[in-house]
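Visitor: Below is the file entry.tsv, which contains TSV, C-alpha atoms.
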```
chain	number	residue	atom	x	y	z
A	1	MET	CA	148.06	98.03	146.55
A	2	ARG	CA	151.36	99.80	146.06
A	3	HIS	CA	151.11	103.25	144.47
A	4	GLY	CA	152.11	103.93	140.86
A	5	GLU	CA	155.29	105.50	139.53
A	6	VAL	CA	156.23	108.87	141.04
A	7	HIS	CA	157.65	111.90	139.22
A	8	ASN	CA	161.12	112.08	140.77
A	9	PRO	CA	163.72	113.12	138.19
A	10	GLU	CA	166.34	113.89	140.87
A	11	GLY	CA	166.17	110.36	142.28
A	12	VAL	CA	165.47	111.56	145.82
A	13	LEU	CA	164.56	109.13	148.58
A	14	TYR	CA	161.30	111.01	149.13
A	15	GLY	CA	159.84	108.88	151.92
A	16	ARG	CA	157.17	110.90	153.70
A	17	LEU	CA	158.07	114.23	152.07
A	18	PRO	CA	155.10	116.14	150.62
A	19	ASP	CA	154.54	117.14	146.98
A	20	TYR	CA	155.71	113.96	145.31
A	21	HIS	CA	152.99	113.12	142.81
A	22	LEU	CA	152.37	110.36	140.29
A	23	SER	CA	154.10	110.67	136.95
A	24	GLU	CA	152.12	110.37	133.73
A	25	LEU	CA	153.05	106.69	133.67
A	26	GLY	CA	152.00	106.37	137.30
A	27	ARG	CA	148.56	107.70	136.45
A	28	LYS	CA	148.27	105.16	133.64
A	29	MET	CA	149.16	102.45	136.15
A	30	ALA	CA	146.46	103.66	138.54
A	31	ASP	CA	143.89	103.69	135.75
A	32	ARG	CA	144.92	100.20	134.68
A	33	VAL	CA	144.40	98.79	138.15
A	34	ALA	CA	141.08	100.61	138.48
A	35	ASP	CA	139.95	98.92	135.25
A	36	HIS	CA	141.23	95.57	136.54
A	37	LEU	CA	139.20	95.96	139.74
A	38	SER	CA	136.09	97.44	138.15
A	39	GLY	CA	134.08	94.23	138.50
A	40	ARG	CA	135.08	93.52	142.10
A	41	ASP	CA	132.78	93.90	145.09
A	42	ILE	CA	134.69	96.85	146.55
A	43	THR	CA	132.87	98.91	149.17
A	44	HIS	CA	135.76	100.73	150.86
A	45	VAL	CA	138.85	102.49	149.46
A	46	VAL	CA	141.50	103.92	151.77
A	47	ALA	CA	145.03	105.17	151.20
A	48	SER	CA	148.10	106.56	152.86
A	49	PRO	CA	147.74	110.35	153.19
A	50	LEU	CA	150.75	110.92	150.90
A	51	GLU	CA	149.86	112.39	147.51
A	52	ARG	CA	151.10	109.47	145.42
A	53	ALA	CA	148.91	107.02	147.32
A	54	GLN	CA	145.81	109.20	147.26
A	55	GLU	CA	146.25	109.78	143.52
A	56	THR	CA	146.62	106.05	142.93
A	57	ALA	CA	143.45	105.31	144.88
A	58	ALA	CA	141.35	108.02	143.21
A	59	PRO	CA	140.41	106.15	140.01
A	60	ILE	CA	139.54	103.03	141.99
A	61	GLY	CA	137.24	105.03	144.24
A	62	ALA	CA	135.69	106.79	141.24
A	63	ALA	CA	135.04	103.49	139.47
A	64	HIS	CA	133.02	102.28	142.47
A	65	GLY	CA	131.40	105.59	143.43
A	66	LEU	CA	133.38	105.75	146.67
A	67	ALA	CA	135.25	108.55	148.40
A	68	VAL	CA	138.87	107.72	149.20
A	69	ALA	CA	139.55	107.73	152.93
A	70	ALA	CA	142.98	108.41	154.45
A	71	ASP	CA	144.64	106.31	157.13
A	72	GLU	CA	147.96	107.45	158.61
A	73	ARG	CA	148.79	103.85	159.43
A	74	LEU	CA	149.28	103.13	155.72
A	75	ILE	CA	152.01	105.75	155.36
A	76	GLU	CA	155.54	105.10	154.09
A	77	ALA	CA	158.15	103.88	156.56
A	78	ALA	CA	160.13	106.60	158.30
A	79	ASN	CA	163.77	106.83	157.16
A	80	VAL	CA	166.62	109.08	158.32
A	81	PHE	CA	167.90	109.31	154.72
A	82	GLU	CA	164.70	110.94	153.52
A	83	GLY	CA	165.41	113.79	151.08
A	84	LYS	CA	168.83	112.44	150.09
A	85	THR	CA	170.07	110.68	146.97
A	86	PHE	CA	172.22	107.58	146.71
A	87	GLY	CA	173.42	107.57	143.11
A	88	VAL	CA	176.88	106.37	142.17
A	89	GLY	CA	179.49	108.85	143.33
A	90	ASP	CA	177.19	111.16	145.30
A	91	GLY	CA	178.85	110.19	148.58
A	92	SER	CA	175.68	110.01	150.68
A	93	LEU	CA	176.75	106.84	152.45
A	94	ARG	CA	180.39	107.87	152.71
A	95	ASN	CA	179.62	110.71	155.08
A	96	PRO	CA	180.63	109.68	158.64
A	97	GLN	CA	177.62	111.46	160.14
A	98	TYR	CA	175.39	108.73	158.68
A	99	TRP	CA	177.42	105.70	159.76
A	100	LYS	CA	175.70	105.45	163.13
A	101	TYR	CA	172.47	104.68	161.28
A	102	LEU	CA	173.95	101.67	159.49
A	103	THR	CA	174.78	99.52	162.49
A	104	ASN	CA	171.74	97.22	162.68
A	105	PRO	CA	169.99	95.97	159.52
A	106	PHE	CA	167.70	93.73	161.57
A	107	ARG	CA	165.77	96.55	163.28
A	108	PRO	CA	166.64	98.56	161.02
A	109	SER	CA	168.76	101.27	162.63
A	110	TRP	CA	168.19	103.79	159.81
A	111	GLY	CA	164.43	103.95	160.08
A	112	GLU	CA	161.14	102.84	161.56
A	113	PRO	CA	161.47	99.41	163.20
A	114	TYR	CA	159.96	96.62	161.13
A	115	ILE	CA	157.71	95.42	163.95
A	116	GLU	CA	156.25	98.91	164.36
A	117	GLN	CA	155.37	98.91	160.67
A	118	VAL	CA	153.64	95.57	161.11
A	119	VAL	CA	151.59	96.80	164.07
A	120	ARG	CA	150.28	99.89	162.33
A	121	MET	CA	149.71	98.18	158.97
A	122	MET	CA	147.81	95.29	160.55
A	123	GLY	CA	145.69	97.85	162.37
A	124	ALA	CA	144.89	99.53	159.06
A	125	LEU	CA	144.10	96.21	157.35
A	126	ASN	CA	141.82	95.14	160.18
A	127	ALA	CA	140.00	98.48	160.06
A	128	ALA	CA	139.50	98.12	156.29
A	129	ARG	CA	138.31	94.55	156.78
A	130	ASP	CA	135.72	95.73	159.27
A	131	ALA	CA	134.62	98.64	157.06
A	132	ALA	CA	134.01	96.26	154.15
A	133	ARG	CA	133.07	93.11	156.04
A	134	GLY	CA	131.47	90.65	153.64
A	135	HIS	CA	132.83	92.61	150.67
A	136	GLU	CA	136.23	93.86	149.51
A	137	ALA	CA	138.41	96.84	150.44
A	138	VAL	CA	141.38	98.42	148.68
A	139	CYS	CA	144.21	99.91	150.76
A	140	VAL	CA	146.91	101.88	148.92
A	141	SER	CA	150.25	102.00	150.68
A	142	HIS	CA	154.00	101.79	149.99
A	143	GLN	CA	156.46	99.06	149.12
A	144	LEU	CA	158.29	98.47	152.39
A	145	PRO	CA	155.25	98.46	154.73
A	146	ILE	CA	153.38	96.17	152.34
A	147	TRP	CA	156.26	93.73	152.05
A	148	ILE	CA	156.94	93.68	155.78
A	149	THR	CA	153.26	93.04	156.52
A	150	ARG	CA	153.14	90.20	154.02
A	151	SER	CA	156.35	88.72	155.45
A	152	PHE	CA	154.85	88.81	158.93
A	153	ALA	CA	151.60	87.21	157.81
A	154	GLU	CA	153.52	84.46	156.00
A	155	HIS	CA	155.67	83.85	159.10
A	156	ARG	CA	158.91	84.90	157.43
A	157	ARG	CA	161.68	86.98	158.97
A	158	LEU	CA	161.22	90.72	158.65
A	159	TRP	CA	164.79	91.64	157.77
A	160	HIS	CA	165.49	90.97	154.11
A	161	ASP	CA	167.30	91.90	150.90
A	162	PRO	CA	165.38	94.90	149.45
A	163	ARG	CA	166.18	93.68	145.94
A	164	LYS	CA	164.05	90.58	146.53
A	165	ARG	CA	160.82	92.27	147.57
A	166	GLN	CA	157.88	91.10	145.48
A	167	CYS	CA	155.97	94.37	145.44
A	168	SER	CA	156.31	96.21	142.15
A	169	LEU	CA	154.70	99.53	141.31
A	170	ALA	CA	150.87	99.34	141.21
A	171	SER	CA	150.93	95.70	142.33
A	172	LEU	CA	148.23	94.06	144.40
A	173	THR	CA	149.03	92.08	147.55
A	174	SER	CA	145.70	90.55	148.55
A	175	PHE	CA	144.77	89.38	152.06
A	176	THR	CA	141.71	87.15	152.27
A	177	TYR	CA	139.96	86.85	155.62
A	178	HIS	CA	137.63	84.24	157.04
A	179	GLY	CA	136.04	86.07	159.92
A	180	ASP	CA	138.92	87.92	161.54
A	181	LYS	CA	141.64	85.51	160.39
A	182	ILE	CA	143.84	85.83	157.31
A	183	VAL	CA	143.44	82.57	155.38
A	184	SER	CA	145.32	83.34	152.16
A	185	ILE	CA	147.60	85.90	150.56
A	186	GLY	CA	147.86	86.55	146.83
A	187	TYR	CA	149.98	88.74	144.61
A	188	SER	CA	149.41	90.09	141.10
A	189	GLU	CA	150.65	92.84	138.80
A	190	PRO	CA	147.81	94.22	136.64
A	191	ALA	CA	150.07	96.97	135.28
A	192	ARG	CA	153.10	94.74	134.71
A	193	ASP	CA	153.40	95.60	131.01
A	194	LEU	CA	153.70	99.28	131.92
A	195	LEU	CA	156.70	98.75	134.21
A	196	PRO	CA	160.13	99.86	133.01
A	197	THR	CA	162.22	96.75	132.36
A	198	HIS	CA	164.60	97.38	135.26
A	199	LEU	CA	161.67	97.53	137.69
A	200	THR	CA	159.96	94.34	136.61
A	201	ALA	CA	159.58	92.09	139.64
A	202	LYS	CA	161.87	89.08	139.36
A	203	THR	CA	162.19	87.40	142.72
A	204	ARG	CA	162.46	83.89	143.99
A	205	PHE	CA	158.66	83.70	143.72
A	206	GLY	CA	158.87	83.90	139.91
A	207	ASP	CA	156.93	86.06	137.48
A	208	ALA	CA	153.46	84.51	137.65
A	209	PRO	CA	150.71	85.61	140.08
A	210	VAL	CA	151.01	83.74	143.35
A	211	ALA	CA	148.77	82.84	146.24
A	212	LYS	CA	149.45	81.23	149.60
A	213	SER	CA	146.76	79.64	151.73
A	214	PHE	CA	146.91	78.91	155.42
A	215	GLY	CA	145.42	76.01	157.30
A	216	ALA	CA	142.28	76.48	159.37
```
Turn the structure described in the file into structure tokens.
Guide:
Amino acid sequence: MRHGEVHNPEGVLYGRLPDYHLSELGRKMADRVADHLSGRDITHVVASPLERAQETAAPIGAAHGLAVAADERLIEAANVFEGKTFGVGDGSLRNPQYWKYLTNPFRPSWGEPYIEQVVRMMGALNAARDAARGHEAVCVSHQLPIWITRSFAEHRRLWHDPRKRQCSLASLTSFTYHGDKIVSIGYSEPARDLLPTHLTAKTRFGDAPVAKSFGA
């Protein structure tokens, strides 16, 4: 699951910075997903240690009588632009000191390599799978690591257009295992009606929930 909306009136790229909490709308999103999952066989809830992820996971854990664990491997991707803004006219990307970080979009050169995100996220997913084996687990993370992990599992390239990520706020990207193997991936948006219009996911996958199965 991706966390809910964050209170960030300055529009900062907050990344791994502390003290960025869910907004009032973000808390409503978290509650909505907790209600959506209330009938599921969830026996393990774990989240990135960042406040917004822990706060998103809290109502899900409470609904199932579970403490929310923390796993550093679910954390947001590292980014050298953390703490900066990129609004029109602010000049953040015009400053020559940042140009060296914009040379390779395939790695990417401005942050944590995509493959490193995959390695840590798959480790976290496998640990959650083992903790809830035979049942279901919820892992709360962040948009880029979730999307990169899904892309890897679906055998797609890791570099991509950020505008085409299918991973809206409070969305669920579901990995189904048979034994230790991922056999299908699904996507849904239980809090879709709470999303601001400009954040509504509209990608090449379309607006309906999707699922992809893999051969045995």
Visitor: Extract, using only C-alpha atoms, all DNA, RNA and protein residues at most 8 Å from A:Glu189, discarding same-chain residues fewer than 3 positions from it, and format them as a list in words.
Guide: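 Neighbouring residues, sequence-local ones excluded: Ser168, Ala170, Ser171, Leu172, Arg192 and Pro209 of chain A.
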Visitor: Let's have the selection written as a PDB file, in the frame of the given file, with C-alpha atoms.
Guide:
```pdb
ATOM      1  CA  SER A 168     156.310  96.210 142.150  1.00  0.00           C
ATOM      2  CA  ALA A 170     150.870  99.340 141.210  1.00  0.00           C
ATOM      3  CA  SER A 171     150.930  95.700 142.330  1.00  0.00           C
ATOM      4  CA  LEU A 172     148.230  94.060 144.400  1.00  0.00           C
ATOM      5  CA  ARG A 192     153.100  94.740 134.710  1.00  0.00           C
ATOM      6  CA  PRO A 209     150.710  85.610 140.080  1.00  0.00           C
TER       7      PRO A 209
END
```
Visitor: Which of these residues is nearest to A:Cys139, using all atoms listed in the file: A:Asn126, A:Ser184, A:Asn104, A:Ser213?
Guide: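 Selected residue with least distance to A:Cys139: A:Asn126.
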Visitor: Scan for residues within 12 Å of the point (143.6, 91.6, 155.0) in the coordinates of the file, using all atoms listed in the file, and reply as an MDAnalysis selection string.
Guide: chainID A and resid 1 121:133 135:139 146 149:150 153 172:186
Visitor: With a distance cut-off of 10 Å and all atoms listed in the file, select the neighbouring residues of stretch 72-88 of chain A, excluding the residue or stretch itself and same-chain residues fewer than 5 positions from it, and output the selection as a ChimeraX atom specification.
Guide: /A:10-17,46-50,53,93,98,101,108-114,116-125,139-146
Visitor: Kindly indicate which residue among A:Asp161, A:Leu22, A:Leu37, A:Thr197 lies nearest to A:Phe106, using only C-alpha atoms for the distances.
Guide: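 The closest residue to A:Phe106 is A:Asp161.
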Visitor: Of the candidates A:Val6, A:Ile42, A:Ala63, A:Cys167, which shows the shortest atom-to-atom distance to A:Leu25, using only C-alpha atoms?
Guide: A:Val6
Visitor: Let me make sure I understand: among A:Ala58, A:Ala70, A:Ile148, A:Leu169, which one has the smallest atom-to-atom distance to A:Pro196 if we use all atoms listed in the file?
Guide: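 So, comparing all the options, the nearest one is A:Leu169.
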Visitor: Could you please determine the separation between atom CA of A:Arg107 and atom CA of A:Lys164 in Å, to one decimal place?
Guide: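 Taking atom CA of A:Arg107 as the start and atom CA of A:Lys164 as the end point, the length is 17.9 Å.
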Visitor: One decimal, in Å: what's the spacing between atom CA of A:Pro9 and atom CA of A:Ser23?
Guide: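 Spanning atom CA of A:Pro9 to atom CA of A:Ser23 is a straight-line distance of 10.0 Å.
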